[in-house]
Amino acid sequence: MGHTLRQAQDIIPAIDPPRIPEHLLHPHLDAIQAMGTYYPTRHRKASNPLSQLIRKCKEGDRGSLDTLCLLMVDFLASTMGTLLPVDLILHVPIDPYRLKERRFSIPEALATTVSRRLGVPVSDCLVLTRPVRSLRRLPPEERATEITDAFALSNSAIIEKKRIVLVDDVIAYGTTTAQIASLLRAKGAQSISVAVVAYASRT
């Protein structure tokens, strides 16, 4: 834990504040909160410490995941006032192939840690109905089609009239969060905020 804390403290000063485009705020979303900016591998700022940490998590490094969770809970603990009051935390489900490859779900780990720290219930009722391809490898016109009807709720009653925070690791195009927000609203959620580690910069 000591090493994880020191690593987190070293990363914090190097976190670039995100510039989240307005178009990501879907009509069914009430707020989006991101801790920092993620730079892809070929970006000139790809060596940014937060970006490297996220990549290590995606490669299956458990120690990096612990550090990422610590950063996320501290960030949300200090910024919950900018989100709406929260009744329930959900996490974006990941494709079974990626789950088997990494041996853990980053969004689930983040949501569980945040729930424990903030004392807000977490649920895994949001599920994938089928495998989905990585959206970053698809042209813009295919992204929404790829995840249409790809999400469902195993228990709709649990979200009715609830103020929800949806947790994910990185938001890039907003396609996934838009699909999920529409589903949650249709099933009776009162409000939906999104909390992510980073916004993926493409500039």
# chains A, B, ... in the order shown; residues from 1 in each chain; ligands from 1
>>> residues_around(residues="Tyr199 (chain A)", least_positions_apart="3", cutoff="12 Å", atoms="only C-alpha atoms", output="CSV table (one decimal) with C-alpha atoms, in the first residue's frame")
chain,number,residue,atom,x,y,z
A,15,ILE,CA,-2.0,15.1,-14.4
A,16,ASP,CA,-3.3,17.3,-17.3
A,17,PRO,CA,-6.7,18.7,-16.6
A,18,PRO,CA,-9.2,17.4,-19.3
A,19,ARG,CA,-10.9,19.6,-21.8
A,20,ILE,CA,-14.1,17.6,-22.4
A,21,PRO,CA,-16.0,18.6,-25.6
A,24,LEU,CA,-20.0,14.4,-25.0
A,32,ILE,CA,-19.4,14.3,-16.8
A,33,GLN,CA,-16.4,14.4,-14.4
A,34,ALA,CA,-12.9,13.4,-15.5
A,35,MET,CA,-9.8,13.4,-13.4
A,36,GLY,CA,-7.3,13.9,-16.2
A,37,THR,CA,-6.3,13.5,-19.9
A,38,TYR,CA,-5.3,10.2,-21.5
A,39,TYR,CA,-2.9,10.5,-24.5
A,40,PRO,CA,-2.8,7.5,-27.0
A,50,LEU,CA,-1.4,9.0,-16.1
A,51,SER,CA,-1.5,7.8,-19.6
A,54,ILE,CA,-3.8,3.5,-17.7
A,168,ASP,CA,-15.5,4.0,-16.5
A,169,ASP,CA,-11.8,4.3,-17.1
A,170,VAL,CA,-11.6,6.4,-20.2
A,171,ILE,CA,-14.2,8.4,-22.3
A,172,ALA,CA,-13.3,9.1,-25.9
A,173,TYR,CA,-16.2,9.5,-28.2
A,174,GLY,CA,-19.1,9.4,-25.7
A,194,VAL,CA,-20.4,10.0,-15.5
A,195,ALA,CA,-17.1,9.7,-13.6
A,196,VAL,CA,-14.0,8.6,-15.5
A,202,ARG,CA,-7.2,13.2,-30.0
A,203,THR,CA,-5.5,16.5,-30.5
>>> residues_around(residues="region 137-150 of chain A", least_positions_apart="6", cutoff="6 Å", atoms="only C-alpha atoms", output="ChimeraX atom specification")
/A:128-130
>>> closest_residue(among="A:Leu88, A:Leu70, A:Ile158, A:Ile192", to="Arg117 (chain A)", atoms="only C-alpha atoms")
A:Leu70
>>> closest_residue(among="A:Lys100, A:Arg62, A:Arg185, A:Arg55", to="Lys161 (chain A)", atoms="only C-alpha atoms")
A:Arg185
>>> closest_residue(among="A:Ala111, A:Pro131, A:Val120, A:Ala77", to="Tyr97 (chain A)", atoms="only C-alpha atoms")
A:Pro131
>>> closest_residue(among="A:Pro85, A:Arg102, A:Asp30, A:His23", to="Lys56 (chain A)", atoms="only C-alpha atoms")
A:Arg102
>>> atom_distance(atom1="CA of Gly119 (chain A)", atom2="CA of Ser193 (chain A)")
17.1 Å
>>> select_by_dssp(residues="region 65-136 of chain A", states="alpha helix (DSSP H)", output="ChimeraX atom specification")
/A:65-79,96-102,106-118
>>> atom_distance(atom1="CA of Gly60 (chain A)", atom2="CA of Thr4 (chain A)")
16.1 Å
>>> atom_distance(atom1="CA of Ile12 (chain A)", atom2="CA of Leu110 (chain A)")
17.1 Å
>>> residues_around(residues="region 176-182 of chain A", least_positions_apart="5", cutoff="7 Å", atoms="only C-alpha atoms", output="list of chain:residue names")
A:His26, A:His28, A:Leu29, A:Phe151, A:Ile192
>>> closest_residue(among="A:Leu53, A:Leu65, A:Ile106, A:Ile89", to="Ser191 (chain A)", atoms="only C-alpha atoms")
A:Ile89
>>> closest_residue(among="A:Leu166, A:Val197, A:Val132, A:Leu153", to="Cys69 (chain A)", atoms="only C-alpha atoms")
A:Val197
>>> select_by_dssp(residues="region 101-198 of chain A", states="strand (DSSP E or B)", output="MDAnalysis selection string")
chainID A and resid 122:123 126:128 151:153 163:171 191:198
>>> residues_around(residues="His91 (chain A)", least_positions_apart="2", cutoff="9 Å", atoms="only C-alpha atoms", output="PyMOL selection string")
chain A and resi 89+93+107-112+122-126+165-168
>>> write_last_selection(atoms="N, CA, C and O atoms", output="CSV table (one decimal), in the first residue's frame")
chain,number,residue,atom,x,y,z
A,89,ILE,N,-24.0,3.5,-7.6
A,89,ILE,CA,-22.9,3.6,-8.5
A,89,ILE,C,-23.0,2.3,-9.4
A,89,ILE,O,-23.2,1.2,-9.0
A,93,PRO,N,-19.8,-2.3,-18.2
A,93,PRO,CA,-19.3,-3.7,-18.4
A,93,PRO,C,-18.3,-3.8,-19.5
A,93,PRO,O,-18.4,-3.0,-20.5
A,107,PRO,N,-13.2,-0.7,-14.9
A,107,PRO,CA,-14.4,0.0,-14.4
A,107,PRO,C,-15.0,-0.6,-13.1
A,107,PRO,O,-15.4,0.2,-12.2
A,108,GLU,N,-15.1,-1.9,-13.1
A,108,GLU,CA,-15.6,-2.6,-11.9
A,108,GLU,C,-14.7,-2.3,-10.7
A,108,GLU,O,-15.2,-2.0,-9.6
A,109,ALA,N,-13.4,-2.4,-10.9
A,109,ALA,CA,-12.5,-2.2,-9.7
A,109,ALA,C,-12.6,-0.7,-9.2
A,109,ALA,O,-12.6,-0.5,-8.0
A,110,LEU,N,-12.7,0.2,-10.2
A,110,LEU,CA,-12.8,1.6,-9.8
A,110,LEU,C,-14.2,1.8,-9.1
A,110,LEU,O,-14.2,2.5,-8.0
A,111,ALA,N,-15.2,1.3,-9.6
A,111,ALA,CA,-16.6,1.5,-9.0
A,111,ALA,C,-16.6,0.9,-7.6
A,111,ALA,O,-17.2,1.5,-6.6
A,112,THR,N,-16.0,-0.3,-7.4
A,112,THR,CA,-16.1,-1.0,-6.1
A,112,THR,C,-15.3,-0.2,-5.1
A,112,THR,O,-15.7,0.0,-3.9
A,122,VAL,N,-23.0,0.0,-4.7
A,122,VAL,CA,-22.6,-0.3,-6.1
A,122,VAL,C,-23.3,-1.5,-6.6
A,122,VAL,O,-23.6,-2.4,-5.8
A,123,SER,N,-23.7,-1.5,-7.9
A,123,SER,CA,-24.4,-2.6,-8.5
A,123,SER,C,-23.8,-3.1,-9.8
A,123,SER,O,-23.2,-2.2,-10.5
A,124,ASP,N,-23.8,-4.4,-10.1
A,124,ASP,CA,-23.3,-4.9,-11.4
A,124,ASP,C,-24.5,-5.2,-12.3
A,124,ASP,O,-24.4,-6.1,-13.1
A,125,CYS,N,-25.6,-4.5,-12.1
A,125,CYS,CA,-26.8,-4.9,-12.9
A,125,CYS,C,-26.7,-4.5,-14.3
A,125,CYS,O,-27.5,-4.9,-15.2
A,126,LEU,N,-25.8,-3.6,-14.7
A,126,LEU,CA,-25.6,-3.2,-16.1
A,126,LEU,C,-24.7,-4.3,-16.7
A,126,LEU,O,-23.6,-4.6,-16.3
A,165,VAL,N,-24.3,7.4,-10.6
A,165,VAL,CA,-23.0,7.7,-11.1
A,165,VAL,C,-22.5,6.5,-11.9
A,165,VAL,O,-22.4,5.4,-11.3
A,166,LEU,N,-22.2,6.7,-13.2
A,166,LEU,CA,-21.7,5.7,-14.0
A,166,LEU,C,-20.1,5.8,-14.1
A,166,LEU,O,-19.6,6.9,-14.5
A,167,VAL,N,-19.4,4.8,-13.7
A,167,VAL,CA,-18.0,4.8,-13.6
A,167,VAL,C,-17.3,4.1,-14.8
A,167,VAL,O,-17.7,3.0,-15.2
A,168,ASP,N,-16.3,4.7,-15.4
A,168,ASP,CA,-15.5,4.0,-16.5
A,168,ASP,C,-14.1,4.5,-16.4
A,168,ASP,O,-13.8,5.5,-15.6
